Each structure stands twice: as C-alpha cells, then as structure tokens.
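my_file-v4.txt (compact mmCIF, C-alpha atoms (C1' of nucleotides))
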```
# COMPACT_ATOMS: atom_id res chain seq x y z
CA MET S 1 81.02 18.84 -8.02
CA PRO S 2 77.71 20.68 -7.60
CA ALA S 3 78.02 24.45 -7.46
CA LEU S 4 76.34 24.62 -4.06
CA VAL S 5 78.82 22.34 -2.37
CA ARG S 6 81.79 24.28 -1.11
CA PRO S 7 84.80 22.13 -0.41
CA GLN S 8 86.21 22.64 3.06
CA VAL S 9 89.58 21.86 4.53
CA LYS S 10 88.27 20.34 7.75
CA VAL S 11 91.04 18.09 8.97
CA ARG S 12 93.75 19.81 11.01
CA GLY S 13 96.87 19.19 9.01
CA SER S 14 100.20 20.89 8.46
CA LEU S 15 100.48 24.66 8.48
CA LEU S 16 103.12 26.34 6.35
CA ARG S 17 104.10 29.99 6.60
CA VAL S 18 105.28 31.25 3.23
CA LYS S 19 107.32 34.42 2.83
CA VAL S 20 106.46 36.56 -0.20
CA PRO S 21 107.96 39.60 -1.97
CA ALA S 22 107.28 42.92 -0.24
CA ASP S 23 104.66 43.97 -2.79
CA TYR S 24 102.85 40.62 -2.95
CA SER S 25 99.06 40.70 -2.70
CA LEU S 26 97.35 37.31 -2.73
CA SER S 27 93.99 38.54 -4.03
CA ARG S 28 95.53 40.70 -6.76
CA ASP S 29 98.24 38.28 -7.85
CA VAL S 30 96.11 35.13 -7.83
CA CYS S 31 93.14 36.74 -9.57
CA SER S 32 95.30 37.88 -12.47
CA TYR S 33 94.90 35.11 -15.03
CA GLY S 34 92.04 32.78 -15.96
CA TYR S 35 93.68 29.68 -14.51
CA PHE S 36 92.61 30.73 -11.01
CA LEU S 37 89.08 29.79 -12.16
CA LEU S 38 90.10 26.29 -13.28
CA ARG S 39 90.20 23.18 -11.09
CA PRO S 40 91.76 22.27 -8.84
CA ASN S 41 91.71 25.95 -7.92
CA HIS S 42 88.83 27.61 -6.15
CA TRP S 43 89.00 31.26 -5.12
CA ILE S 44 86.69 31.78 -2.14
CA VAL S 45 85.38 35.31 -2.58
CA ASP S 46 83.99 35.93 0.89
CA GLN S 47 87.22 34.76 2.55
CA GLN S 48 89.61 36.12 -0.12
CA CYS S 49 91.59 32.91 -0.01
CA LEU S 50 92.53 30.19 -2.50
CA LEU S 51 91.55 26.58 -2.03
CA THR S 52 93.56 24.15 -4.12
CA CYS S 53 95.02 20.66 -4.09
CA LEU S 54 98.65 19.70 -4.66
CA HIS S 55 99.98 16.33 -5.76
CA LEU S 56 102.79 15.42 -3.38
CA GLU S 57 104.92 12.34 -2.69
CA ASP S 58 102.30 10.62 -0.51
CA GLY S 59 99.35 11.68 -2.64
CA ALA S 60 96.94 14.58 -2.88
CA ALA S 61 96.94 17.30 -0.23
CA GLY S 62 94.22 19.92 -0.17
CA CYS S 63 95.26 23.35 1.06
CA LYS S 64 93.87 26.77 1.77
CA LEU S 65 96.05 29.82 1.12
CA SER S 66 95.35 33.07 2.88
CA GLN S 67 97.18 36.31 3.57
CA PRO S 68 96.03 37.43 7.01
CA GLY S 69 98.09 40.63 7.01
CA ASN S 70 98.61 43.43 4.55
CA LYS S 71 100.36 43.34 1.19
CA GLY S 72 103.74 41.71 1.54
CA SER S 73 102.86 39.83 4.71
CA GLU S 74 103.52 36.10 4.82
CA LEU S 75 100.97 33.60 3.59
CA SER S 76 99.29 31.03 5.75
CA VAL S 77 98.83 27.66 4.01
CA ARG S 78 96.74 25.11 5.90
CA PHE S 79 96.75 21.53 4.55
CA ASP S 80 94.13 18.86 5.10
CA ARG S 81 96.72 16.31 6.20
CA LYS S 82 100.12 16.15 7.82
CA LEU S 83 102.98 16.61 5.38
CA THR S 84 106.32 14.88 5.73
CA LYS S 85 109.43 17.07 5.66
CA PRO S 86 110.21 16.24 2.01
CA GLU S 87 106.57 16.95 1.16
CA GLN S 88 106.80 20.35 2.84
CA VAL S 89 109.79 21.20 0.69
CA GLU S 90 107.94 20.05 -2.43
CA ALA S 91 104.78 21.94 -1.44
CA ARG S 92 106.78 25.16 -0.95
CA ALA S 93 108.34 24.76 -4.40
CA GLN S 94 104.96 24.16 -6.06
CA LEU S 95 103.35 27.11 -4.26
CA ALA S 96 106.24 29.37 -5.22
CA ARG S 97 105.82 28.41 -8.87
CA MET S 98 102.07 28.84 -8.81
CA LEU S 99 102.18 32.25 -7.12
CA ARG S 100 105.27 33.51 -9.01
CA LEU S 101 107.10 34.18 -5.76
CA ASP S 102 110.34 34.08 -7.76
CA GLU S 103 109.35 37.38 -9.37
CA SER S 104 110.76 39.96 -6.99
CA ARG S 105 109.47 43.43 -6.32
CA ALA S 106 112.34 44.77 -8.41
CA GLU S 107 111.35 42.61 -11.38
CA VAL S 108 107.77 43.85 -11.22
CA ALA S 109 109.10 47.41 -10.91
CA ALA S 110 111.12 46.86 -14.08
CA PHE S 111 107.88 46.06 -15.88
CA HIS S 112 106.25 49.19 -14.48
CA LYS S 113 109.19 51.23 -15.74
CA VAL S 114 108.36 50.07 -19.26
CA ASP S 115 104.60 50.32 -18.82
CA ALA S 116 103.66 52.72 -16.02
CA ARG S 117 99.93 52.14 -16.42
CA TRP S 118 100.05 49.25 -13.94
CA LYS S 119 102.24 50.89 -11.32
CA ARG S 120 99.33 52.11 -9.21
CA SER S 121 97.56 48.74 -9.04
CA GLY S 122 100.89 46.98 -8.74
CA ARG S 123 99.91 44.35 -11.30
CA GLY S 124 102.77 42.38 -12.78
CA ARG S 125 102.54 38.74 -11.71
CA LEU S 126 100.36 36.29 -13.61
CA PHE S 127 98.95 33.31 -11.76
CA ARG S 128 100.00 29.89 -13.09
CA SER S 129 100.03 26.22 -12.07
CA PRO S 130 102.23 24.33 -9.58
CA THR S 131 103.81 22.41 -12.47
CA LEU S 132 104.68 23.11 -16.10
CA PHE S 133 102.77 19.98 -17.14
CA GLU S 134 99.55 21.36 -15.67
CA ASP S 135 100.16 24.70 -17.40
CA VAL S 136 100.65 22.96 -20.75
CA VAL S 137 97.51 20.82 -20.35
CA LYS S 138 95.48 23.86 -19.30
CA THR S 139 96.74 25.68 -22.39
CA VAL S 140 95.82 22.79 -24.70
CA THR S 141 92.37 22.53 -23.13
CA SER S 142 91.83 26.24 -23.78
CA CYS S 143 92.49 25.92 -27.52
CA ASN S 144 89.67 25.82 -30.06
CA VAL S 145 87.02 25.83 -27.41
CA ALA S 146 84.82 28.25 -25.47
CA TRP S 147 85.85 28.98 -21.89
CA PRO S 148 83.02 26.97 -20.24
CA SER S 149 84.33 23.87 -22.02
CA THR S 150 87.83 24.57 -20.73
CA ILE S 151 86.37 24.70 -17.23
CA ASN S 152 84.60 21.37 -17.77
CA MET S 153 87.63 19.62 -19.22
CA ASN S 154 89.80 20.65 -16.27
CA ARG S 155 87.12 19.65 -13.77
CA ARG S 156 86.78 16.23 -15.36
CA LEU S 157 90.54 15.74 -15.65
CA CYS S 158 90.82 16.32 -11.89
CA GLU S 159 87.82 14.19 -10.92
CA VAL S 160 88.56 11.32 -13.31
CA CYS S 161 92.37 11.22 -13.32
CA GLY S 162 93.40 13.17 -10.21
CA LYS S 163 93.88 11.92 -6.65
CA GLN S 164 91.51 12.76 -3.84
CA SER S 165 92.76 14.48 -0.70
CA PRO S 166 91.46 13.67 2.81
CA SER S 167 88.96 16.55 2.62
CA GLY S 168 87.65 15.44 -0.78
CA LEU S 169 89.52 17.80 -3.10
CA PHE S 170 90.97 16.41 -6.32
CA SER S 171 94.49 17.17 -7.46
CA PHE S 172 95.38 17.79 -11.09
CA PRO S 173 96.56 14.55 -12.75
CA THR S 174 100.28 14.01 -13.09
CA ALA S 175 102.01 13.43 -16.42
CA LYS S 176 102.70 9.86 -15.30
CA ARG S 177 99.00 9.23 -14.82
CA ILE S 178 97.93 10.71 -18.17
CA ALA S 179 100.76 8.92 -19.97
CA ARG S 180 99.32 5.59 -18.81
CA MET S 181 95.79 6.36 -19.93
CA ARG S 182 94.15 5.31 -23.16
CA ALA S 183 93.27 8.22 -25.42
CA GLY S 184 89.73 6.90 -25.80
CA THR S 185 89.19 6.93 -22.05
CA LEU S 186 90.34 10.54 -21.82
CA ARG S 187 87.99 11.47 -24.64
CA ALA S 188 84.99 9.63 -23.24
CA ARG S 189 85.35 10.50 -19.56
CA CYS S 190 87.02 13.93 -19.66
CA ARG S 191 85.37 15.16 -22.86
CA VAL S 192 88.65 16.43 -24.28
CA GLY S 193 87.66 15.52 -27.83
CA TYR S 194 90.37 15.30 -30.48
CA ARG S 195 92.91 16.53 -27.90
CA ASP S 196 92.97 13.03 -26.35
CA GLN S 197 95.95 11.56 -28.23
CA ARG S 198 97.86 14.86 -28.08
CA LEU S 199 97.50 15.00 -24.30
CA VAL S 200 98.75 11.42 -23.92
CA GLU S 201 101.72 12.14 -26.19
CA LEU S 202 102.51 15.33 -24.25
CA ALA S 203 102.37 13.40 -20.97
CA LYS S 204 104.76 10.77 -22.33
CA LEU S 205 107.22 13.48 -23.36
CA PHE S 206 107.14 14.88 -19.82
CA VAL S 207 107.57 11.42 -18.27
CA ARG S 208 110.57 10.71 -20.50
CA GLY S 209 112.10 14.03 -19.44
CA GLU S 210 111.97 15.41 -22.98
CA VAL S 211 110.35 18.65 -21.83
CA ASP S 212 113.04 20.27 -19.71
CA GLU S 213 111.70 23.20 -17.72
CA ALA S 214 115.19 24.13 -16.53
CA TRP S 215 116.33 24.49 -20.15
CA LEU S 216 113.16 26.34 -21.14
CA THR S 217 113.66 28.92 -18.38
CA SER S 218 117.45 29.13 -18.54
CA SER S 219 118.94 32.52 -19.38
CA GLY S 220 121.19 30.60 -21.76
CA THR S 221 118.16 29.63 -23.84
CA SER S 222 116.88 32.33 -26.16
CA ASP S 223 113.20 33.18 -26.55
CA ASP S 224 113.37 31.98 -30.15
CA GLU S 225 114.82 28.63 -29.09
CA ALA S 226 112.19 28.12 -26.37
CA PHE S 227 109.36 29.17 -28.69
CA GLY S 228 110.63 26.89 -31.45
CA PHE S 229 110.80 23.93 -29.09
CA LEU S 230 107.26 24.51 -27.83
CA LEU S 231 105.94 24.69 -31.40
CA GLY S 232 107.27 21.18 -31.93
CA LEU S 233 105.11 19.73 -29.13
CA PRO S 234 101.86 17.92 -30.03
CA GLY S 235 98.81 20.17 -29.83
CA ILE S 236 100.92 23.32 -29.51
CA GLY S 237 100.60 25.95 -32.22
CA PRO S 238 101.58 29.65 -32.24
CA TYR S 239 98.86 30.70 -29.78
CA ALA S 240 99.57 27.91 -27.28
CA ALA S 241 103.33 28.37 -27.56
CA GLY S 242 103.00 32.11 -26.90
CA ASN S 243 100.85 31.39 -23.88
CA ILE S 244 103.27 28.81 -22.48
CA MET S 245 106.13 31.28 -22.99
CA MET S 246 104.28 33.64 -20.64
CA LEU S 247 103.71 30.80 -18.18
CA LEU S 248 107.46 30.14 -18.25
CA GLY S 249 108.13 33.77 -17.37
CA ARG S 250 109.07 34.83 -20.90
CA TYR S 251 106.91 37.83 -21.78
CA SER S 252 108.36 38.88 -25.13
CA ARG S 253 105.74 37.03 -27.20
CA LEU S 254 102.00 37.46 -27.50
CA ALA S 255 99.43 34.67 -27.59
CA LEU S 256 97.13 35.93 -30.31
CA ASP S 257 93.67 34.42 -30.73
CA THR S 258 90.14 35.58 -31.53
CA GLU S 259 90.06 37.36 -28.19
CA SER S 260 93.03 39.44 -29.33
CA ILE S 261 91.13 40.44 -32.46
CA ARG S 262 88.15 41.45 -30.33
CA HIS S 263 90.51 43.52 -28.16
CA GLY S 264 92.16 45.10 -31.19
CA LYS S 265 88.82 46.14 -32.63
CA THR S 266 86.90 47.24 -29.54
CA VAL S 267 89.62 48.70 -27.33
CA LEU S 268 92.43 49.73 -29.65
CA GLY S 269 90.18 50.75 -32.53
CA LEU S 270 92.06 48.70 -35.11
CA THR S 271 90.35 48.08 -38.42
CA GLY S 272 90.80 45.77 -41.36
CA THR S 273 90.70 42.03 -41.86
CA ASP S 274 91.42 39.71 -38.93
CA ARG S 275 94.80 38.94 -40.46
CA ALA S 276 95.63 42.64 -40.73
CA ILE S 277 94.53 43.24 -37.13
CA LEU S 278 96.78 40.45 -35.87
CA LYS S 279 99.74 42.05 -37.66
CA ARG S 280 98.88 45.45 -36.22
CA LEU S 281 98.57 44.00 -32.72
CA ASP S 282 102.03 42.56 -33.02
CA LYS S 283 103.35 45.97 -34.02
CA HIS S 284 101.27 47.78 -31.39
CA TYR S 285 102.95 45.99 -28.46
CA GLU S 286 106.48 46.15 -29.85
CA PRO S 287 107.45 49.14 -27.66
CA PHE S 288 106.95 47.02 -24.52
CA GLY S 289 109.78 44.70 -25.62
CA GLY S 290 110.39 41.90 -23.15
CA HIS S 291 107.19 42.78 -21.28
CA ARG S 292 104.80 42.73 -24.26
CA PHE S 293 102.59 39.93 -22.99
CA ARG S 294 102.00 41.62 -19.65
CA SER S 295 101.09 44.95 -21.22
CA TYR S 296 98.71 43.19 -23.59
CA TRP S 297 97.22 40.93 -20.93
CA PHE S 298 96.56 43.55 -18.27
CA GLU S 299 94.74 45.67 -20.87
CA ILE S 300 92.46 42.70 -21.56
CA TRP S 301 92.11 41.92 -17.84
CA GLU S 302 91.17 45.52 -17.06
CA TRP S 303 88.52 45.35 -19.76
CA TYR S 304 87.09 42.17 -18.22
CA GLN S 305 87.04 43.85 -14.83
CA GLU S 306 85.24 46.92 -16.16
CA ALA S 307 82.54 44.59 -17.46
CA ARG S 308 82.34 42.14 -14.57
CA GLY S 309 83.81 43.92 -11.58
CA PRO S 310 87.13 43.25 -9.81
CA ALA S 311 88.48 39.77 -10.49
CA HIS S 312 88.96 39.01 -6.79
CA LEU S 313 85.16 39.23 -6.44
CA TRP S 314 84.41 36.82 -9.29
CA ASP S 315 82.68 33.67 -8.25
CA ARG S 316 84.08 30.71 -10.18
CA ASP S 317 80.72 29.04 -10.67
CA GLU S 318 78.92 32.20 -11.76
CA VAL S 319 81.06 34.91 -13.39
CA GLY S 320 83.96 32.58 -14.02
CA ALA S 321 81.87 29.97 -15.76
CA SER S 322 79.89 32.36 -17.91
CA PHE S 323 82.40 34.69 -19.45
CA THR S 324 83.58 34.19 -22.98
CA ALA S 325 84.95 36.69 -25.44
CA SER S 326 81.81 36.58 -27.57
CA LYS S 327 79.60 37.41 -24.59
CA PHE S 328 81.38 40.59 -23.56
C1' DG H 1 104.31 30.65 -47.68
C1' DG H 2 99.39 30.61 -47.94
C1' DT H 3 94.84 28.29 -47.79
C1' DA H 4 91.09 24.94 -47.06
C1' DG H 5 89.02 21.55 -44.47
C1' DA H 6 88.77 18.29 -40.65
C1' DC H 7 89.01 17.70 -35.87
C1' DC H 8 85.29 17.78 -31.22
C1' DT H 9 82.38 19.88 -27.77
C1' DG H 10 78.76 22.53 -26.05
C1' DG H 11 75.82 26.46 -26.45
C1' DA H 12 72.34 28.89 -29.23
C1' DC H 13 68.64 28.61 -32.07
C1' DG H 14 64.59 26.97 -34.69
C1' DC H 15 61.10 23.69 -35.10
C1' DG Z 1 63.30 16.99 -27.23
C1' DC Z 2 65.65 16.92 -31.45
C1' DG Z 3 68.41 18.57 -35.30
C1' DT Z 4 71.36 22.10 -37.16
C1' DC Z 5 74.67 25.64 -36.98
C1' DC Z 6 78.59 27.90 -35.13
C1' DA Z 7 82.93 29.22 -32.46
C1' DG Z 8 87.42 28.05 -31.18
C1' DG Z 9 93.30 26.78 -32.43
C1' DT Z 10 95.96 23.03 -34.47
C1' DC Z 11 97.20 19.89 -37.99
C1' DT Z 12 97.55 18.07 -42.57
C1' DA Z 13 97.26 18.14 -47.41
C1' DC Z 14 97.54 20.73 -51.23
C1' DC Z 15 98.74 24.56 -54.35
```

As structure tokens - that is how I would like this structure written.
Amino acid sequence: MPALVRPQVKVRGSLLRVKVPADYSLSRDVCSYGYFLLRPNHWIVDQQCLLTCLHLEDGAAGCKLSQPGNKGSELSVRFDRKLTKPEQVEARAQLARMLRLDESRAEVAAFHKVDARWKRSGRGRLFRSPTLFEDVVKTVTSCNVAWPSTINMNRRLCEVCGKQSPSGLFSFPTAKRIARMRAGTLRARCRVGYRDQRLVELAKLFVRGEVDEAWLTSSGTSDDEAFGFLLGLPGIGPYAAGNIMMLLGRYSRLALDTESIRHGKTVLGLTGTDRAILKRLDKHYEPFGGHRFRSYWFEIWEWYQEARGPAHLWDRDEVGASFTASKF
DNA sequence: GGTAGACCTGGACGC
DNA sequence: GCGTCCAGGTCTACC
C-alpha cells in the first residue's frame, strides 16, 4: 500500500468497549515492541490510536482502537463491519492477547519491584500479536534480515495471503492458509526467501494442533521445557526461541542477536569478542531473574527513543521503516 | 561442543 | 543501470 494512502475505517460497524488494567496506557503499551510497526498494524500518530485487522469467523474485520480517557480508562474499538456475538467474543480474546490485558497492574508492579528504573514510565507490557501463530511468523521473518525486509515480508504476507476487510485492510494470514500454500509461491510473492518451506511446515504444525499455546503458557510447564520445545520447531533457533518465550509471557530468557552485541558495546561498555560479549550480557541480566527480558528490552527501547524520539510519535512509514541497528 | 559455509533479500557502493 | 559486497539467524555437515 502506498505510504500516502491512509487506511480508514469508514463503514459504521460494531463498537466494543474493552476494560483494561488500571495502569493501562494504549500509546505506551502498544508502542513498546517493534511489532506495532508491522502489518496489519498501523499506529496513527496524530490520533494516537491503532488501526489493525483481525481474522474472525466470518472473515477479516478492520478495527480502530483508541483510549478516549486517561490511563486505565476503557478502550473504544470500532470495527468496519457488524460482528456476530461469537465474533465479538473472539475479537475480545484476540485484543486481550495483543494488548497483554492479562498482565495486571500487580504483575507489572512486581517487575518494577525487581527493576525500579521503569516504575516512573510504567513500562512493563510488551505489545504482541492476536495469535501465537502470527507472533511466530513475525519472529521468523525478523531473523537473518534487516528490519525493512521484515516490514516488507509482513506487508506482503498480509496482502498476498490475508483476507481483506470491508474498508480495505488486510488481516494477517491464518496458519490454515499458509499450510495450504506452496513454498515457492510464498517465496516468489512474499519474498520470504529460504524461510518459505519453514513457514509452511510451521503452519502445518499449528493446523495439526502440535503447537499447544495452553501447554506453552501453563504454570505446570517449566521455562526449560517451553524453550526446548520451541527450539525443535522449524526455523527457530536460540534467538527466535528466546523472543517467542517473551511473546508467551515468559521473561526469564534473553533473545540475543547482533543488536544485543551493539547494546552491550555502546550502552553497557562491554568489551571483547562478540562471543565474550554475549556471555557477559547473559551474566549482566541475571539479577533480574524472571524479568530479564523486560529489563534488557526496555534499555534497548529507551536507547531507540533517545535517538528517534518517543515511540508513540514514530511514523511507521518513516521512522519505523528506516531504523536498523546498524544505522543507529 | 565448536566451527564453517550455505541459505536469501535488499541496501550500499563503485563503476 | 548493472554488478558486487555485506548484514542478518538458522541449519547442516564436519571435526
């Protein structure tokens, strides 16, 4: 979609009111992780609201999320078509996952108790996708590639494989859809490169129910068990598995990549070979225990914001599309 | 357990 | 406009 064309939710559809935790801030908690810059998401800076598109029982439904009141006030979610009752239930569940509404004020406070640096800003929640499948695909499309390519892959996945809503927004493709696609088609039309076969295999695992989100998030499943399972998935290595752990709400692991090395060198002043820096990073965040990823991530996020201004003022097609670790 | 090279895309650069 | 080089994480083969 051309940068100058701003998608609009024009049709008067269903309106959902969504209750949020008392400390919830839409602009802060959405603009907290890079996925808010990836399709089907579009943060509208001058309105401070999120435009996105959900895949529901009767197809794609574009929606605009806003928080008309102060922090903690309920969200207004306007859809571009009428939703059936079951669709409303499904939409609420997807929105809750995406916005981390399951993370209460007390849970965020527990993080601040371990790392008080983020108490003032209130940061604690990390934006994610409405489904685990989308989170996994977004993670795979962020591996071994510069950020602008990740943006392109996600845009093409939505436009080529997603469904179009009444107002013209594209939803993210479902696992069922990707599982039916030929790897060559994904490669040629979505420019996913060698990830093509891995994405199809991942989708098939989801369709067959072999990736069980309930098990992965269960308190009865240890971090080691969840991490080990993720490592066994196609296209998922240590970085991707660590990232997906965070997306599942497990913050005890880091997702270390070249960006981490840059952070270790420039912000933490670590020296030595890349391998040595990675080891030191692991050690450095040990004191944050079960919250390590958040402490690590918000340091990186703050650094981005110092360079590019507050994230809630980033325009997806300008700042969002241009930033890469090597350019900072 | 550690290491080297292939896998792809897109941006940067030189001509 | 074209060709070359490089960055990026995972996977496989090999030692």

**Report entry** Residue neighbourhood region 2-12 of chain Z, 12 Å, all atoms listed in the file, exclusion window fewer than 5 positions, as a VMD selection string
**Finding:** (chain S and resid 139 to 150 194 to 195 198 231 to 241 255 to 259 324 to 327) or (chain H and resid 3 to 15)

Query raised in the report: CA of Cys31 (chain S) and CA of Tyr304 (chain S), how far apart in Å?
Result: 11.9 Å

Query raised in the report: Hey, can you check how far CA of Leu126 (chain S) sits from CA of Val18 (chain S)?
Result: 18.3 Å

**Report entry** d(CA of Leu281 (chain S), CA of Arg253 (chain S)) in Å
**Finding:** 11.4 Å

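Residue nearest Gly289 (chain S) within the list S:Lys204, S:Arg191, S:Arg120, S:Arg250: S:Arg250 [criterion: smallest interatomic distance, all atoms listed in the file].
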